[in-house]
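K.L.:
Provided below: work.txt, containing compact mmCIF, C-alpha atoms.
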```txt
# COMPACT_ATOMS: atom_id res chain seq x y z
CA MET A 1 0.00 0.00 0.00
CA HIS A 2 3.02 2.33 0.20
CA SER A 3 2.73 2.99 -3.54
CA ARG A 4 -0.22 5.35 -2.99
CA HIS A 5 2.25 8.00 -1.84
CA TYR A 6 4.07 8.16 -5.16
CA SER A 7 1.74 6.51 -7.70
CA ASP A 8 1.07 9.81 -9.52
CA GLN A 9 4.81 10.22 -10.08
CA VAL A 10 5.31 6.81 -11.69
CA SER A 11 2.01 6.00 -13.41
CA ASP A 12 3.00 7.40 -16.84
CA ASP A 13 6.35 5.60 -16.74
CA THR A 14 4.65 2.37 -15.65
CA LEU A 15 2.14 2.59 -18.49
CA ALA A 16 4.91 3.33 -20.99
CA PHE A 17 6.81 0.26 -19.76
CA LEU A 18 3.72 -1.95 -20.04
CA ARG A 19 2.92 -0.65 -23.52
CA THR A 20 6.50 -1.31 -24.63
CA TYR A 21 7.05 -4.74 -23.10
CA LEU A 22 3.49 -6.09 -22.95
CA PRO A 23 1.92 -4.56 -26.05
CA SER A 24 -0.66 -7.34 -26.45
CA ALA A 25 -1.98 -6.56 -22.97
CA THR A 26 -2.58 -2.90 -23.77
CA GLY A 27 -3.27 -2.99 -27.50
CA LEU A 28 -1.34 0.24 -28.11
CA GLY A 29 2.24 -0.69 -27.44
CA SER A 30 5.43 0.41 -29.04
CA SER A 31 6.72 -2.58 -30.94
CA PRO A 32 9.19 -2.98 -33.79
CA THR A 33 7.09 -5.74 -35.36
CA GLY A 34 3.67 -4.25 -34.74
CA ALA A 35 2.79 -7.00 -32.26
CA GLY A 36 -0.05 -6.04 -30.02
CA ALA A 37 -1.80 -4.08 -32.74
CA PRO A 38 -5.50 -3.39 -32.21
CA PRO A 39 -7.83 -5.83 -33.96
CA GLY A 40 -8.89 -4.92 -37.48
CA PRO A 41 -7.13 -2.57 -39.91
CA VAL A 42 -4.11 -0.69 -38.57
CA GLY A 43 -1.69 2.00 -39.59
CA TYR A 44 1.66 2.64 -37.96
CA LEU A 45 3.29 5.77 -36.63
CA GLU A 46 7.03 5.57 -36.09
CA GLY A 47 9.97 7.87 -35.76
CA ARG A 48 13.05 8.98 -33.91
CA ALA A 49 13.62 11.83 -31.48
CA THR A 50 16.82 13.84 -31.42
CA PHE A 51 17.78 15.99 -28.44
CA GLY A 52 19.62 19.22 -28.03
CA PRO A 53 21.29 20.84 -26.47
CA LEU A 54 22.44 18.25 -23.92
CA ARG A 55 24.96 20.54 -22.28
CA PRO A 56 25.07 24.32 -21.78
CA VAL A 57 27.92 24.98 -24.23
CA GLU A 58 28.38 23.29 -27.60
CA ILE A 59 32.07 23.37 -28.57
CA ALA A 60 32.83 23.95 -32.26
CA GLY A 61 34.37 20.86 -33.85
CA VAL A 62 33.36 18.59 -30.97
CA PRO A 63 30.38 16.35 -31.67
CA PRO A 64 27.49 16.87 -29.26
CA PRO A 65 26.97 14.14 -26.66
CA THR A 66 24.69 11.21 -27.42
CA PRO A 67 21.55 11.02 -25.29
CA THR A 68 21.55 8.29 -22.67
CA PRO A 69 18.87 5.61 -22.78
CA GLU A 70 17.35 7.27 -19.70
CA THR A 71 17.10 10.59 -21.55
CA CYS A 72 15.07 8.83 -24.23
CA THR A 73 12.83 6.64 -22.07
CA ALA A 74 11.90 9.56 -19.82
CA ARG A 75 10.12 11.21 -22.78
CA GLY A 76 7.05 10.29 -24.73
CA LEU A 77 4.20 11.34 -26.95
CA ILE A 78 0.49 11.79 -26.44
CA ILE A 79 -1.69 10.82 -29.37
CA SER A 80 -5.22 12.17 -29.52
CA ASP A 81 -8.11 11.97 -31.94
CA ALA A 82 -7.74 14.95 -34.30
CA ALA A 83 -11.47 15.70 -34.38
CA SER A 84 -12.51 15.25 -30.74
CA GLY A 85 -9.20 15.84 -28.98
CA ALA A 86 -9.75 12.69 -26.90
CA GLU A 87 -6.52 11.02 -25.84
CA VAL A 88 -6.00 7.74 -27.70
CA ALA A 89 -2.55 6.64 -26.52
CA LYS A 90 0.58 7.58 -24.62
CA VAL A 91 3.72 6.29 -26.30
CA GLY A 92 7.07 6.20 -24.55
CA LEU A 93 10.32 6.53 -26.46
CA ASP A 94 12.46 3.41 -26.54
CA ALA A 95 16.03 3.45 -25.19
CA ASP A 96 17.36 4.29 -28.67
CA CYS A 97 14.98 7.31 -28.89
CA THR A 98 12.67 5.62 -31.40
CA PHE A 99 8.97 4.86 -31.20
CA ARG A 100 6.44 2.77 -33.12
CA VAL A 101 2.75 2.42 -32.44
CA ALA A 102 -0.11 0.68 -34.23
CA LEU A 103 -3.46 2.49 -34.36
CA PRO A 104 -6.69 2.13 -36.31
CA PRO A 105 -6.69 4.21 -39.51
CA GLY A 106 -7.73 7.80 -38.86
CA ALA A 107 -6.66 11.35 -38.17
CA TYR A 108 -4.56 11.95 -35.06
CA ARG A 109 -2.77 14.82 -33.36
CA VAL A 110 0.65 14.03 -31.88
CA LEU A 111 1.86 16.05 -28.89
CA LEU A 112 5.00 15.97 -26.77
CA LYS A 113 4.30 14.56 -23.31
CA PRO A 114 5.08 17.35 -20.82
CA SER A 115 8.49 16.83 -19.22
CA GLY A 116 10.28 19.69 -17.52
CA MET A 117 11.36 22.43 -19.95
CA ASP A 118 11.22 20.18 -23.03
CA ARG A 119 9.61 21.55 -26.16
CA SER A 120 9.54 20.70 -29.85
CA GLN A 121 8.96 22.90 -32.86
CA ASP A 122 7.86 19.72 -34.69
CA LEU A 123 4.85 19.16 -32.42
CA PRO A 124 1.93 19.27 -32.22
CA ARG A 125 1.53 17.63 -35.61
CA ASP A 126 -1.53 16.16 -37.30
CA VAL A 127 -1.06 12.79 -39.02
CA GLN A 128 -3.35 10.61 -41.12
CA LEU A 129 -2.88 6.86 -40.67
CA VAL A 130 -3.97 4.49 -43.45
CA ASP A 131 -4.44 0.73 -43.16
CA GLY A 132 -1.18 -1.13 -43.72
CA GLN A 133 0.94 1.98 -44.15
CA THR A 134 3.56 3.59 -41.92
CA VAL A 135 3.80 7.32 -41.30
CA ARG A 136 7.27 8.52 -40.30
CA LEU A 137 7.45 11.37 -37.79
CA ASP A 138 10.94 12.35 -36.65
CA ILE A 139 11.05 15.04 -33.99
CA SER A 140 13.65 17.28 -32.39
CA ILE A 141 13.30 17.93 -28.68
CA ASP A 142 14.85 21.03 -27.15
CA LYS A 143 15.72 20.28 -23.52
CA GLY A 144 15.98 23.97 -22.66
CA ILE A 145 19.58 23.75 -21.44
CA ARG A 146 21.37 27.05 -21.98
```
Spell out the structure here as structure tokens.

P.N.:
Amino acid sequence: MHSRHYSDQVSDDTLAFLRTYLPSATGLGSSPTGAGAPPGPVGYLEGRATFGPLRPVEIAGVPPPTPTPETCTARGLIISDAASGAEVAKVGLDADCTFRVALPPGAYRVLLKPSGMDRSQDLPRDVQLVDGQTVRLDISIDKGIR
């Protein structure tokens, strides 16, 4: 019963974990093969997130640092019905900063899940999913580090 004291802090991360590793149980999981897709026709939304800046000063000629798996998995997307605005799914980023989700064909709005000072000029974005097709949506996330 001790979890009641912090359940609000971990519920989104718990759901993201379940959707990633038990997609058939939730029907909306992130899965490289599309396993756990909802019954009937499906379209796929997939992409990669890039992050920047990851440190206050970028040094000319020195490649920027690579995000850690934790940097990726702490972020996610909210997918809502484009017409009604009703939330359809929360999708966590995988450790390699990628995502893939199977949804029924339709019009959706993709938003960045709130996380600290993060923001993205790429989102919100409206997407149209078609049965059997994959829509690619790569996003850049600004962590607000200056």

K.L.:
Using only C-alpha atoms, can you list as a JSON list (two decimals) with C-alpha atoms, in the frame of the given file the residues within 8 Å of (19.0, 17.3, -28.5)?

P.N.:
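Saved result, out-v1.json, follows:
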```json
[["chain", "number", "residue", "atom", "x", "y", "z"],
["A", 50, "THR", "CA", 16.82, 13.84, -31.42],
["A", 51, "PHE", "CA", 17.78, 15.99, -28.44],
["A", 52, "GLY", "CA", 19.62, 19.22, -28.03],
["A", 53, "PRO", "CA", 21.29, 20.84, -26.47],
["A", 54, "LEU", "CA", 22.44, 18.25, -23.92],
["A", 67, "PRO", "CA", 21.55, 11.02, -25.29],
["A", 140, "SER", "CA", 13.65, 17.28, -32.39],
["A", 141, "ILE", "CA", 13.30, 17.93, -28.68],
["A", 142, "ASP", "CA", 14.85, 21.03, -27.15],
["A", 143, "LYS", "CA", 15.72, 20.28, -23.52]]
```

K.L.:
Using only C-alpha atoms, can you list as a PyMOL selection string the residues within 6 Å of (18.9, 1.6, -26.6)?

P.N.:
chain A and resi 69+95-96

K.L.:
Which is closest to A:Ala89 among A:Ile139, A:Cys72, A:Leu123, A:Leu111, if we use all atoms listed in the file?

P.N.:
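Selected residue with least distance to A:Ala89: A:Leu111.
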
K.L.:
So how many Å separate atom CA of A:Val130 and atom CA of A:Ala74, to one decimal?

P.N.:
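Taking atom CA of A:Val130 and atom CA of A:Ala74, their separation equals 28.9 Å.
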
K.L.:
To one decimal place in Å, what is the distance between atom CA of A:Val42 and atom CA of A:Asp94?

P.N.:
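Interatomic distance here is 20.9 Å.
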
K.L.:
With distances taken over all atoms listed in the file, which residue among A:Leu137, A:Arg109, A:Asp118, A:Gln128 lies nearest A:Glu87?

P.N.:
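That would be A:Arg109, the residue with the smallest distance to A:Glu87.
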
K.L.:
Work out how far atom CA of A:Pro114 is from atom CA of A:Ala83, in Å to one decimal.

P.N.:
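Taking atom CA of A:Ala83 as the start and atom CA of A:Pro114 as the end point, the length is 21.5 Å.
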
K.L.:
From the options A:Gly92, A:Gly85, A:Thr98, A:Pro38, which residue's atoms come nearest to A:Arg136, counting all atoms listed in the file?

P.N.:
A:Thr98

K.L.:
Of the candidates A:Leu129, A:Leu45, A:Val101, A:Val110, which one gets nearest to A:Leu77 if we count all atoms listed in the file?

P.N.:
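Result for the nearest residue to A:Leu77: A:Val110.
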
K.L.:
Restricting the calculation to only C-alpha atoms, which member of A:Ala82, A:Pro41, A:Thr134, A:Gly47 is positioned closest to A:Ala107?

P.N.:
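The answer is A:Ala82, which sits nearest to A:Ala107.
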